[in-house]
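Text of the file coords.txt, holding compact mmCIF, C-alpha atoms:
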# COMPACT_ATOMS: atom_id res chain seq x y z
CA MET A 1 93.66 79.71 95.41
CA PRO A 2 91.45 82.65 94.49
CA PRO A 3 91.44 85.41 97.07
CA ARG A 4 88.61 85.53 99.53
CA TYR A 5 86.95 88.91 99.66
CA ALA A 6 85.43 89.10 103.09
CA ARG A 7 82.05 90.43 103.90
CA PRO A 8 83.00 93.16 106.33
CA ARG A 9 81.69 93.43 109.87
CA GLN A 10 80.05 96.79 109.39
CA PRO A 11 77.80 96.44 106.35
CA LYS A 12 77.02 100.16 106.29
CA GLY A 13 80.66 101.17 105.88
CA ALA A 14 81.95 98.52 103.50
CA SER A 15 81.85 96.91 100.09
CA THR A 16 82.61 93.34 99.12
CA GLU A 17 83.11 93.81 95.41
CA THR A 18 86.45 92.91 93.89
CA GLU A 19 86.39 95.92 91.59
CA ILE A 20 85.98 98.35 94.44
CA PHE A 21 88.67 96.60 96.43
CA HIS A 22 91.09 96.87 93.51
CA ALA A 23 90.18 100.52 92.99
CA ILE A 24 91.00 101.31 96.62
CA LEU A 25 94.44 99.73 96.22
CA ASP A 26 95.05 101.34 92.84
CA THR A 27 94.22 104.87 94.01
CA GLY A 28 96.11 104.68 97.31
CA LEU A 29 99.45 106.43 97.63
CA VAL A 30 101.11 104.48 100.43
CA ALA A 31 100.64 101.06 102.04
CA HIS A 32 101.19 100.32 105.71
CA VAL A 33 102.78 96.90 105.81
CA GLY A 34 102.59 94.83 108.98
CA PHE A 35 104.64 91.78 109.87
CA VAL A 36 105.78 90.03 113.02
CA ALA A 37 109.42 90.48 114.07
CA GLU A 38 110.55 88.60 117.17
CA ASP A 39 106.95 88.21 118.33
CA ARG A 40 106.32 91.94 118.04
CA PRO A 41 104.24 93.74 115.42
CA MET A 42 105.99 96.09 112.99
CA VAL A 43 104.20 98.54 110.67
CA ILE A 44 106.16 100.28 107.90
CA PRO A 45 104.90 102.76 105.27
CA MET A 46 105.83 101.59 101.78
CA ALA A 47 105.36 102.21 98.09
CA TYR A 48 103.61 99.32 96.38
CA ALA A 49 101.80 98.16 93.26
CA ARG A 50 98.99 95.73 92.55
CA SER A 51 99.19 93.39 89.57
CA GLY A 52 96.18 91.10 89.33
CA GLU A 53 95.86 89.43 92.72
CA THR A 54 99.45 90.16 93.73
CA VAL A 55 100.81 93.16 95.61
CA TYR A 56 104.50 94.00 95.19
CA LEU A 57 106.82 95.76 97.64
CA HIS A 58 110.49 96.58 97.34
CA GLY A 59 113.40 97.66 99.46
CA ALA A 60 117.16 97.57 99.68
CA SER A 61 118.07 93.90 99.32
CA LYS A 62 119.50 93.80 102.85
CA ALA A 63 116.51 95.54 104.45
CA ARG A 64 114.32 93.45 106.71
CA ILE A 65 111.23 94.09 104.61
CA ALA A 66 112.92 92.82 101.43
CA ARG A 67 113.98 89.60 103.11
CA LEU A 68 110.50 88.59 104.22
CA ASP A 69 109.77 85.15 102.79
CA SER A 70 107.07 82.62 103.63
CA VAL A 71 105.78 84.71 106.52
CA PRO A 72 102.32 86.24 106.99
CA VAL A 73 101.95 89.89 106.05
CA CYS A 74 99.09 92.37 106.45
CA LEU A 75 99.03 95.34 104.08
CA THR A 76 96.60 98.20 104.61
CA VAL A 77 95.88 101.12 102.27
CA THR A 78 93.74 103.96 103.58
CA THR A 79 92.54 107.17 101.94
CA LEU A 80 90.88 109.67 104.24
CA THR A 81 88.17 111.75 102.59
CA GLY A 82 86.49 113.65 105.43
CA ILE A 83 86.25 114.40 109.14
CA VAL A 84 82.72 113.75 110.39
CA ALA A 85 81.64 116.22 113.08
CA ALA A 86 78.61 114.93 114.98
CA ARG A 87 76.45 116.42 117.78
CA SER A 88 78.13 114.19 120.37
CA GLY A 89 81.73 113.10 120.76
CA PHE A 90 80.52 109.51 120.55
CA HIS A 91 79.26 109.82 116.96
CA HIS A 92 82.33 111.58 115.59
CA SER A 93 83.88 109.60 112.77
CA VAL A 94 85.88 109.88 109.58
CA ASN A 95 84.99 109.27 105.95
CA TYR A 96 87.52 107.01 104.28
CA ARG A 97 88.13 104.06 102.06
CA SER A 98 90.49 101.30 103.11
CA ALA A 99 91.67 97.92 101.92
CA VAL A 100 93.22 95.36 104.25
CA VAL A 101 95.13 92.55 102.53
CA HIS A 102 96.31 89.38 104.23
CA GLY A 103 98.75 87.11 102.48
CA THR A 104 102.11 85.39 102.66
CA ALA A 105 105.32 87.11 101.61
CA ARG A 106 107.22 85.51 98.74
CA ARG A 107 110.71 86.60 97.71
CA VAL A 108 110.60 87.49 94.01
CA GLU A 109 113.32 86.19 91.66
CA GLY A 110 114.20 86.40 87.97
CA ASN A 111 112.27 88.35 85.36
CA GLU A 112 109.41 88.98 87.76
CA ILE A 113 111.73 91.44 89.55
CA ASP A 114 111.84 93.81 86.58
CA ALA A 115 108.08 93.70 86.03
CA ALA A 116 107.41 94.29 89.72
CA LEU A 117 109.76 97.26 89.96
CA ASP A 118 108.25 98.85 86.86
CA ALA A 119 104.81 98.31 88.37
CA ILE A 120 105.84 100.03 91.62
CA THR A 121 107.28 103.01 89.71
CA ASP A 122 104.18 103.18 87.51
CA HIS A 123 101.77 102.95 90.44
CA LEU A 124 102.63 106.48 91.63
CA LEU A 125 103.62 107.85 88.20
CA PRO A 126 101.71 105.90 85.51
CA GLY A 127 104.01 105.30 82.54
CA ARG A 128 107.13 106.62 84.26
CA SER A 129 109.10 103.37 83.76
CA GLY A 130 109.01 104.08 80.01
CA GLU A 131 110.34 107.63 80.51
CA VAL A 132 113.63 106.65 82.19
CA ARG A 133 116.59 104.43 81.32
CA PRO A 134 116.40 100.68 82.02
CA MET A 135 117.60 99.23 85.30
CA THR A 136 121.24 98.14 85.52
CA ALA A 137 122.40 94.73 86.76
CA GLN A 138 123.92 96.41 89.81
CA GLU A 139 120.64 98.13 90.68
CA ARG A 140 118.76 94.84 90.29
CA LYS A 141 121.19 93.18 92.70
CA ALA A 142 120.75 95.97 95.25
CA THR A 143 116.96 95.69 95.26
CA GLY A 144 114.80 93.13 97.01
CA VAL A 145 111.26 92.54 95.82
CA VAL A 146 108.52 90.85 97.81
CA ALA A 147 105.20 89.60 96.46
CA ILE A 148 102.08 89.13 98.52
CA GLU A 149 99.42 86.99 96.89
CA ILE A 150 96.08 88.31 98.15
CA ALA A 151 94.65 85.46 100.24
CA HIS A 152 92.02 87.39 102.16
CA ALA A 153 90.94 90.98 101.73
CA THR A 154 88.55 93.45 103.30
CA ALA A 155 87.36 96.75 101.87
CA LYS A 156 85.63 99.41 103.94
CA ILE A 157 84.14 102.68 102.81
CA ARG A 158 82.40 105.36 104.89
CA THR A 159 80.82 108.35 103.22
CA GLY A 160 78.21 110.94 104.11
CA PRO A 161 77.07 112.95 107.12
CA PRO A 162 77.17 111.99 110.82
CA LYS A 163 74.65 109.50 112.24
CA ASP A 164 73.48 111.35 115.33
CA ASP A 165 71.13 110.26 118.08
CA PRO A 166 67.62 111.46 117.16
CA ALA A 167 67.40 113.26 120.52
CA ASP A 168 70.37 115.47 119.58
CA LEU A 169 69.12 116.59 116.18
CA GLY A 170 67.24 119.67 117.35
CA ASP A 171 69.96 121.08 119.61
CA GLY A 172 71.12 123.77 117.19
CA THR A 173 74.67 122.41 116.91
CA TRP A 174 76.56 122.60 113.63
CA ALA A 175 77.22 119.05 112.44
CA GLY A 176 78.45 117.77 109.12
CA VAL A 177 81.56 116.87 107.19
CA LEU A 178 84.90 118.64 106.83
CA PRO A 179 86.26 117.38 103.48
CA VAL A 180 89.84 116.07 103.34
CA VAL A 181 91.20 116.53 99.83
CA THR A 182 94.48 115.16 98.53
CA THR A 183 95.79 116.83 95.39
CA LEU A 184 98.94 116.53 93.32
CA GLY A 185 100.39 119.91 92.42
CA THR A 186 102.55 121.08 89.54
CA GLY A 187 105.84 119.23 89.11
CA ILE A 188 108.95 121.02 90.35
CA GLY A 189 111.87 120.15 88.07
CA ASP A 190 115.26 119.80 89.75
CA GLY A 191 118.40 121.79 88.94
CA ASP A 192 119.60 119.32 86.30
CA THR A 193 116.36 119.31 84.32
CA PRO A 194 116.89 121.29 81.09
CA GLU A 195 115.04 124.60 81.23
CA GLY A 196 111.84 124.83 79.29
CA ILE A 197 111.19 121.11 78.79
CA PRO A 198 107.63 120.20 79.62
CA GLU A 199 106.46 118.00 82.48
CA PRO A 200 106.48 114.33 81.46
CA ALA A 201 103.14 112.66 80.73
CA SER A 202 103.43 110.49 83.87
CA LEU A 203 102.79 113.51 86.12
CA ALA A 204 99.50 114.35 84.44
CA ALA A 205 98.59 110.65 84.58
CA ALA A 206 99.27 110.64 88.32
CA ARG A 207 97.06 113.70 88.81
CA ARG A 208 94.27 111.89 86.97
CA ARG A 209 94.71 108.69 89.00
CA PHE A 210 94.74 110.31 92.42
CA ALA A 211 92.18 113.07 91.73
CA MET B 212 110.59 104.68 131.79
CA PRO B 213 111.17 107.60 129.44
CA PRO B 214 110.64 106.76 125.79
CA ARG B 215 113.64 105.96 123.69
CA TYR B 216 113.80 108.01 120.53
CA ALA B 217 115.83 105.93 118.14
CA ARG B 218 118.51 107.19 115.87
CA PRO B 219 117.13 106.05 112.54
CA ARG B 220 118.97 103.87 110.06
CA GLN B 221 118.99 106.42 107.29
CA PRO B 222 120.48 109.57 108.79
CA LYS B 223 119.71 111.64 105.71
CA GLY B 224 115.97 110.98 105.90
CA ALA B 225 115.33 111.19 109.60
CA SER B 226 115.30 113.26 112.77
CA THR B 227 115.77 112.11 116.32
CA GLU B 228 114.31 115.11 118.11
CA THR B 229 111.36 114.62 120.41
CA GLU B 230 109.68 117.81 119.22
CA ILE B 231 109.74 116.75 115.60
CA PHE B 232 108.47 113.30 116.52
CA HIS B 233 105.57 114.81 118.46
CA ALA B 234 104.80 117.20 115.59
CA ILE B 235 104.57 114.30 113.15
CA LEU B 236 102.06 112.55 115.41
CA ASP B 237 100.12 115.75 116.12
CA THR B 238 99.71 116.68 112.44
CA GLY B 239 98.83 113.20 111.21
CA LEU B 240 95.22 112.37 110.36
CA VAL B 241 95.16 108.60 110.76
CA ALA B 242 97.30 105.99 112.52
CA HIS B 243 97.93 102.50 111.21
CA VAL B 244 97.90 100.26 114.26
CA GLY B 245 99.61 96.89 114.13
CA PHE B 246 99.19 94.00 116.54
CA VAL B 247 99.58 90.24 116.47
CA ALA B 248 96.40 88.15 116.34
CA GLU B 249 96.83 84.36 116.40
CA ASP B 250 100.44 84.69 115.26
CA ARG B 251 99.46 86.83 112.28
CA PRO B 252 100.01 90.56 111.82
CA MET B 253 96.99 92.85 111.67
CA VAL B 254 97.08 96.52 110.58
CA ILE B 255 94.03 98.72 111.14
CA PRO B 256 93.57 102.43 110.32
CA MET B 257 92.42 104.36 113.39
CA ALA B 258 91.75 107.80 114.80
CA TYR B 259 94.10 108.60 117.70
CA ALA B 260 95.47 111.31 119.94
CA ARG B 261 98.78 111.94 121.66
CA SER B 262 98.87 113.21 125.22
CA GLY B 263 102.41 113.60 126.52
CA GLU B 264 104.12 110.27 125.93
CA THR B 265 100.86 108.34 125.59
CA VAL B 266 98.87 107.62 122.43
CA TYR B 267 95.15 106.86 122.82
CA LEU B 268 92.94 104.73 120.57
CA HIS B 269 89.28 103.87 120.89
CA GLY B 270 86.73 101.48 119.52
CA ALA B 271 83.47 99.76 120.30
CA SER B 272 84.05 98.09 123.66
CA LYS B 273 83.59 94.63 122.13
CA ALA B 274 85.92 95.30 119.17
CA ARG B 275 89.21 93.44 119.12
CA ILE B 276 91.23 96.64 119.07
CA ALA B 277 89.53 97.96 122.22
CA ARG B 278 90.25 94.77 124.11
CA LEU B 279 93.99 94.81 123.54
CA ASP B 280 95.68 94.72 126.92
CA SER B 281 99.29 94.02 127.89
CA VAL B 282 100.26 93.12 124.33
CA PRO B 283 102.82 94.80 122.07
CA VAL B 284 101.49 97.33 119.58
CA CYS B 285 103.14 99.23 116.73
CA LEU B 286 101.48 102.46 115.63
CA THR B 287 102.62 104.27 112.48
CA VAL B 288 101.58 107.73 111.28
CA THR B 289 102.64 108.78 107.78
CA THR B 290 102.06 111.99 105.85
CA LEU B 291 103.05 111.89 102.20
CA THR B 292 104.26 115.24 100.84
CA GLY B 293 105.62 114.43 97.39
CA ILE B 294 106.37 111.88 94.68
CA VAL B 295 110.04 112.00 93.72
CA ALA B 296 110.63 111.34 90.00
CA ALA B 297 114.25 110.47 89.31
CA ARG B 298 116.18 109.72 86.10
CA SER B 299 116.17 105.99 86.84
CA GLY B 300 113.49 103.76 88.30
CA PHE B 301 115.95 102.84 91.03
CA HIS B 302 116.14 106.34 92.47
CA HIS B 303 112.41 107.02 92.51
CA SER B 304 111.19 107.80 96.00
CA VAL B 305 108.59 109.68 97.99
CA ASN B 306 108.82 112.68 100.25
CA TYR B 307 107.11 112.03 103.56
CA ARG B 308 107.25 112.29 107.29
CA SER B 309 106.48 109.28 109.47
CA ALA B 310 106.51 108.28 113.10
CA VAL B 311 106.67 104.66 114.23
CA VAL B 312 105.71 104.04 117.86
CA HIS B 313 106.30 100.81 119.73
CA GLY B 314 104.64 100.24 123.07
CA THR B 315 102.39 98.00 125.09
CA ALA B 316 98.61 98.33 125.00
CA ARG B 317 96.92 99.18 128.28
CA ARG B 318 93.15 99.09 128.75
CA VAL B 319 92.07 102.50 130.07
CA GLU B 320 89.65 102.73 133.01
CA GLY B 321 87.96 105.43 135.07
CA ASN B 322 88.32 109.17 134.51
CA GLU B 323 91.15 108.65 132.04
CA ILE B 324 88.49 107.36 129.60
CA ASP B 325 86.79 110.75 129.35
CA ALA B 326 90.04 112.66 128.91
CA ALA B 327 91.25 110.21 126.25
CA LEU B 328 88.01 110.38 124.25
CA ASP B 329 88.03 114.19 124.35
CA ALA B 330 91.65 114.11 123.18
CA ILE B 331 90.78 111.84 120.23
CA THR B 332 87.87 114.11 119.21
CA ASP B 333 90.06 117.19 119.60
CA HIS B 334 92.96 115.71 117.63
CA LEU B 335 91.05 115.95 114.32
CA LEU B 336 88.86 118.92 115.33
CA PRO B 337 90.73 120.98 117.94
CA GLY B 338 88.26 122.21 120.59
CA ARG B 339 85.34 120.15 119.27
CA SER B 340 84.79 118.34 122.59
CA GLY B 341 83.74 121.70 124.07
CA GLU B 342 81.25 122.34 121.26
CA VAL B 343 79.10 119.24 121.84
CA ARG B 344 77.15 117.78 124.76
CA PRO B 345 78.98 115.64 127.36
CA MET B 346 79.21 111.88 126.98
CA THR B 347 76.45 109.77 128.55
CA ALA B 348 77.06 106.82 130.86
CA GLN B 349 75.72 104.49 128.18
CA GLU B 350 78.15 105.85 125.59
CA ARG B 351 81.04 105.47 128.03
CA LYS B 352 80.07 101.83 128.57
CA ALA B 353 79.93 101.18 124.83
CA THR B 354 83.43 102.57 124.23
CA GLY B 355 86.76 100.89 124.82
CA VAL B 356 89.87 103.01 125.17
CA VAL B 357 93.42 101.75 124.81
CA ALA B 358 96.56 103.61 125.82
CA ILE B 359 99.99 102.98 124.37
CA GLU B 360 102.85 104.41 126.39
CA ILE B 361 105.58 105.30 123.90
CA ALA B 362 108.47 102.94 124.71
CA HIS B 363 110.45 103.30 121.51
CA ALA B 364 109.90 105.66 118.62
CA THR B 365 111.41 106.44 115.25
CA ALA B 366 110.82 109.53 113.12
CA LYS B 367 111.76 109.72 109.46
CA ILE B 368 111.52 112.66 107.10
CA ARG B 369 112.46 112.86 103.42
CA THR B 370 112.31 116.15 101.58
CA GLY B 371 113.78 117.61 98.43
CA PRO B 372 114.66 116.53 94.90
CA PRO B 373 115.79 113.10 93.66
CA LYS B 374 119.32 111.87 94.31
CA ASP B 375 120.33 110.65 90.87
CA ASP B 376 123.46 108.89 89.71
CA PRO B 377 125.90 111.57 88.46
CA ALA B 378 126.12 109.75 85.12
CA ASP B 379 122.39 110.28 84.53
CA LEU B 380 122.29 114.02 85.22
CA GLY B 381 122.99 115.17 81.67
CA ASP B 382 120.51 112.88 79.91
CA GLY B 383 117.88 115.56 79.32
CA THR B 384 115.20 113.77 81.36
CA TRP B 385 112.72 115.75 83.44
CA ALA B 386 113.28 114.87 87.10
CA GLY B 387 111.95 116.50 90.24
CA VAL B 388 109.11 116.41 92.72
CA LEU B 389 105.36 116.15 92.23
CA PRO B 390 103.91 117.74 95.40
CA VAL B 391 101.23 115.85 97.32
CA VAL B 392 99.04 118.34 99.19
CA THR B 393 96.38 117.47 101.74
CA THR B 394 93.85 120.21 102.40
CA LEU B 395 90.70 120.50 104.48
CA GLY B 396 87.86 122.14 102.61
CA THR B 397 84.82 124.11 103.73
CA GLY B 398 82.55 122.32 106.17
CA ILE B 399 79.35 120.88 104.73
CA GLY B 400 76.58 121.16 107.35
CA ASP B 401 74.10 118.28 107.47
CA GLY B 402 70.33 118.55 107.00
CA ASP B 403 69.65 119.14 110.70
CA THR B 404 72.10 122.01 111.08
CA PRO B 405 70.12 125.27 111.39
CA GLU B 406 70.47 127.34 108.24
CA GLY B 407 72.80 130.29 108.40
CA ILE B 408 74.74 129.30 111.52
CA PRO B 409 78.48 129.65 111.03
CA GLU B 410 81.00 126.85 110.95
CA PRO B 411 82.23 126.05 114.46
CA ALA B 412 85.70 127.24 115.47
CA SER B 413 87.01 123.65 115.55
CA LEU B 414 86.87 123.42 111.75
CA ALA B 415 89.10 126.45 111.26
CA ALA B 416 91.40 125.08 113.96
CA ALA B 417 91.63 121.80 112.05
CA ARG B 418 92.50 123.62 108.83
CA ARG B 419 95.28 125.42 110.70
CA ARG B 420 96.63 122.20 112.24
CA PHE B 421 96.72 120.16 109.05
CA ALA B 422 97.76 122.94 106.65

What do you get writing this file as structure tokens?
Amino acid sequence: MPPRYARPRQPKGASTETEIFHAILDTGLVAHVGFVAEDRPMVIPMAYARSGETVYLHGASKARIARLDSVPVCLTVTTLTGIVAARSGFHHSVNYRSAVVHGTARRVEGNEIDAALDAITDHLLPGRSGEVRPMTAQERKATGVVAIEIAHATAKIRTGPPKDDPADLGDGTWAGVLPVVTTLGTGIGDGDTPEGIPEPASLAAARRRFA
Amino acid sequence: MPPRYARPRQPKGASTETEIFHAILDTGLVAHVGFVAEDRPMVIPMAYARSGETVYLHGASKARIARLDSVPVCLTVTTLTGIVAARSGFHHSVNYRSAVVHGTARRVEGNEIDAALDAITDHLLPGRSGEVRPMTAQERKATGVVAIEIAHATAKIRTGPPKDDPADLGDGTWAGVLPVVTTLGTGIGDGDTPEGIPEPASLAAARRRFA
């Protein structure tokens, strides 16, 4: 079933286009994954990757998140881009882009495991899976991978200045946007990295992706 | 009932101290709020504020989030601080701090509404509520405020370089940390802000809080 990209409730702050939705997922650093555990909600920050209309998550194979199977999951990725200071508390807001994905968890088996884990590594560090040794059988056994096929998705974007009440506009108050900027710095090699070797290409690729 | 600060599952990546837990909440920009809607999980990014052992959220009074009452809620605040590049895909990780709060939603009424809304405004822009006009009765009516008393909370922190397998350490691969830095820029006044007036103090206070 093709995913349903919902027309959001607030037309001013949202987009319905698949490409924009994918871009929000692909340029997000962390997903907040929600599921129901004993009738209570649980929200966990996780690394992830999108591949087509599937989102992959991973965890230790005994972890609760890695054992989710055939249960509904909500996965939300948010990037904050500004704090919106208005002339009244009421109209304060934030600039952001977010994607909310609803789907059903599916435990991943077989060769799809390797592809999913490479995708998760390469989401944060594009190309990194090709810079390191292959996974061992023991590591594969210790890792659980969950797929969420995107069944329903909502993208929201807010940009620009505050929307103040017309009556407040002449009051002399400073109002506008305080930009929130996320940057990736220079890589800090660990103590076992040979001195003088350059940063791998995946770090520059990450800086380009998340710029 | 005093909140229960859980000893996390991964001792190496976590802290149990109340002060650290509060600091994670107080220096986070956005909360991901999870609740159960028709047996399905829902995760929504939201502005918030902590006041003692209570976390406040707000929304349009008719919005689903603002009408939550006497239902379990999970609220997670995550700040990513680095991407950890190891010598194997398996040991890749992220540096971060996160707080997961479990509690029960309570619809806020009366004078607590005003204090909660000021707290939410002042969380992102410390002191901003004193820089703008007071809330009107109409605005108060249009806003729903939800309190979550912290019943159970978990803090996790990961810092530092990758933890590689000893056998991989001599392989000549670059491994280390790519820092993720969130900064607040210079405020951009909107078209109705009088020319030449300085940035309000709340913007500098925000830069100090989230530095």

Give me the residues of chain B that have any atom at most 7 Å from an atom of chain A; for each, the nearest atom pair and the distance in Å, rounded to one decimal. Use all atoms listed in the file, sort by chain and number, and format it as CSV.
residue,atom,partner,partner_atom,distance
B:His243,CA,A:His32,CA,6.8
B:Gly245,CA,A:Pro41,CA,5.7
B:Phe246,CA,A:Pro41,CA,5.2
B:Val247,CA,A:Pro41,CA,5.9
B:Arg251,CA,A:Pro72,CA,6.0
B:Pro252,CA,A:Phe35,CA,5.2
B:Met253,CA,A:Cys74,CA,5.6
B:Val254,CA,A:Gly34,CA,6.0
B:Pro256,CA,A:Thr78,CA,6.9
B:Pro283,CA,A:Arg40,CA,6.1
B:Val284,CA,A:Pro41,CA,6.1
B:Cys285,CA,A:Met42,CA,5.7
B:Leu286,CA,A:Val43,CA,6.9
B:Thr287,CA,A:Val43,CA,6.2
B:Thr289,CA,A:Pro45,CA,6.9
B:Arg298,CA,A:Val132,CA,5.6
B:Ser299,CA,A:Val132,CA,5.3
B:Gly300,CA,A:Ser129,CA,6.3
B:Phe301,CA,A:Glu139,CA,6.7
B:Thr332,CA,A:Gly89,CA,6.4
B:Ser340,CA,A:Gly89,CA,6.3
B:Val343,CA,A:Ser88,CA,5.3
B:Arg344,CA,A:Ser88,CA,5.8
B:Met346,CA,A:Gly89,CA,6.8
B:Glu350,CA,A:Phe90,CA,6.7
B:Pro372,CA,A:Asp190,CA,6.1
B:Leu380,CA,A:Asp192,CA,6.0
B:Gly383,CA,A:Pro194,CA,6.1
B:Thr384,CA,A:Thr193,CA,6.4
B:Trp385,CA,A:Thr193,CA,5.2
B:Ala386,CA,A:Gly189,CA,5.6
B:Gly387,CA,A:Gly189,CA,4.2
B:Val388,CA,A:Ile188,CA,5.2
B:Leu389,CA,A:Gly187,CA,4.4
B:Pro390,CA,A:Gly185,CA,5.1
B:Val391,CA,A:Leu184,CA,4.7
B:Val392,CA,A:Thr183,CA,5.2
B:Thr393,CA,A:Thr182,CA,4.4
B:Thr394,CA,A:Val181,CA,5.2
B:Leu395,CA,A:Val180,CA,4.7
B:Gly396,CA,A:Pro179,CA,5.1
B:Thr397,CA,A:Leu178,CA,6.3
B:Gly398,CA,A:Leu178,CA,4.4
B:Ile399,CA,A:Val177,CA,5.2
B:Gly400,CA,A:Gly176,CA,4.3
B:Asp401,CA,A:Gly176,CA,4.7
B:Asp403,CA,A:Leu169,CA,6.1
B:Thr404,CA,A:Trp174,CA,5.2
B:Pro405,CA,A:Gly172,CA,6.1
B:Glu410,CA,A:Trp174,CA,6.7
B:Pro411,CA,A:Trp174,CA,6.7

Please report, as lines of an AutoDock Vina configuration file, the centre and edge lengths in Å to one decimal of an axis-aligned box covering all listed atoms of region 47-52 of chain A with 4 Å per side.
center_x = 100.8
center_y = 96.7
center_z = 93.7
size_x = 17.2
size_y = 19.1
size_z = 16.8

For the atom pair CA of Ala416 (chain B) and CA of Thr238 (chain B), what is the interatomic distance in Å to one decimal place?
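Between CA of Ala416 (chain B) and CA of Thr238 (chain B) the gap is 11.9 Å.
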
Given all atoms listed in the file as the counted atoms, nearest of A:Glu38, A:Thr104, A:Gly127, A:Phe21 to Ile157 (chain A):
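Among A:Glu38, A:Thr104, A:Gly127, A:Phe21, it is A:Phe21 that comes nearest to Ile157 (chain A).
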
Calculate how many Å separate CA of Leu236 (chain B) from CA of Thr365 (chain B), rounding to one decimal.
11.2 Å

Write out as a list in words each polymer residue whose atoms come within 9 Å of Ala277 (chain B), counting all atoms listed in the file; drop sequence neighbours fewer than 4 positions from it.
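Final neighbour list, sorted by chain and number: Leu268, His269, Gly270, Ala271, Ser272, Lys273, Arg318, Thr354, Gly355, Val356 and Val357 of chain B.
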
Interatomic distance between CA of Ser281 (chain B) and CA of Arg317 (chain B)?
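Spanning CA of Ser281 (chain B) to CA of Arg317 (chain B) is a straight-line distance of 5.7 Å.
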
Choose the residue, out of A:Ala63, A:Ile20, A:Ala105, A:Ala201, that has the smallest atom-to-atom separation from Ala151 (chain A); count only C-alpha atoms.
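Nearest candidate to Ala151 (chain A) out of A:Ala63, A:Ile20, A:Ala105, A:Ala201: A:Ala105.
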
Nearest candidate to Asn95 (chain A) (options A:Ala147, A:Lys156, A:Ala211, A:Ala115; using all atoms listed in the file)
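Of A:Ala147, A:Lys156, A:Ala211, A:Ala115, the one nearest Asn95 (chain A), counting all atoms listed in the file, is A:Lys156.
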
Expected file for region 103-115 of chain A keeping N, CA and C atoms, as a short mmCIF file (atom, residue, chain, number, x, y, z; two decimals), in the first residue's frame:
data_model
loop_
_atom_site.label_atom_id
_atom_site.label_comp_id
_atom_site.auth_asym_id
_atom_site.auth_seq_id
_atom_site.Cartn_x
_atom_site.Cartn_y
_atom_site.Cartn_z
N GLY A 103 3.33 3.86 11.28
CA GLY A 103 3.46 2.59 10.57
C GLY A 103 3.45 1.45 11.57
N THR A 104 3.70 0.26 11.06
CA THR A 104 3.71 -0.94 11.89
C THR A 104 5.12 -1.51 11.91
N ALA A 105 5.60 -1.84 13.10
CA ALA A 105 6.95 -2.38 13.22
C ALA A 105 7.00 -3.78 12.64
N ARG A 106 8.10 -4.07 11.95
CA ARG A 106 8.33 -5.40 11.40
C ARG A 106 9.77 -5.81 11.73
N ARG A 107 9.92 -6.93 12.37
CA ARG A 107 11.25 -7.45 12.69
C ARG A 107 11.96 -7.85 11.40
N VAL A 108 13.16 -7.31 11.20
CA VAL A 108 13.90 -7.56 9.95
C VAL A 108 14.76 -8.82 10.10
N GLU A 109 14.78 -9.63 9.05
CA GLU A 109 15.56 -10.88 9.04
C GLU A 109 16.42 -10.95 7.78
N GLY A 110 17.42 -11.82 7.82
CA GLY A 110 18.18 -12.16 6.61
C GLY A 110 19.04 -11.01 6.09
N ASN A 111 19.20 -10.99 4.77
CA ASN A 111 20.10 -10.02 4.15
C ASN A 111 19.67 -8.57 4.36
N GLU A 112 18.37 -8.39 4.59
CA GLU A 112 17.89 -7.02 4.81
C GLU A 112 18.54 -6.41 6.05
N ILE A 113 18.97 -7.25 6.99
CA ILE A 113 19.64 -6.74 8.20
C ILE A 113 20.88 -5.94 7.82
N ASP A 114 21.72 -6.54 6.98
CA ASP A 114 22.99 -5.89 6.62
C ASP A 114 22.75 -4.56 5.91
N ALA A 115 21.80 -4.57 4.97
CA ALA A 115 21.51 -3.34 4.23
C ALA A 115 20.97 -2.26 5.17
#
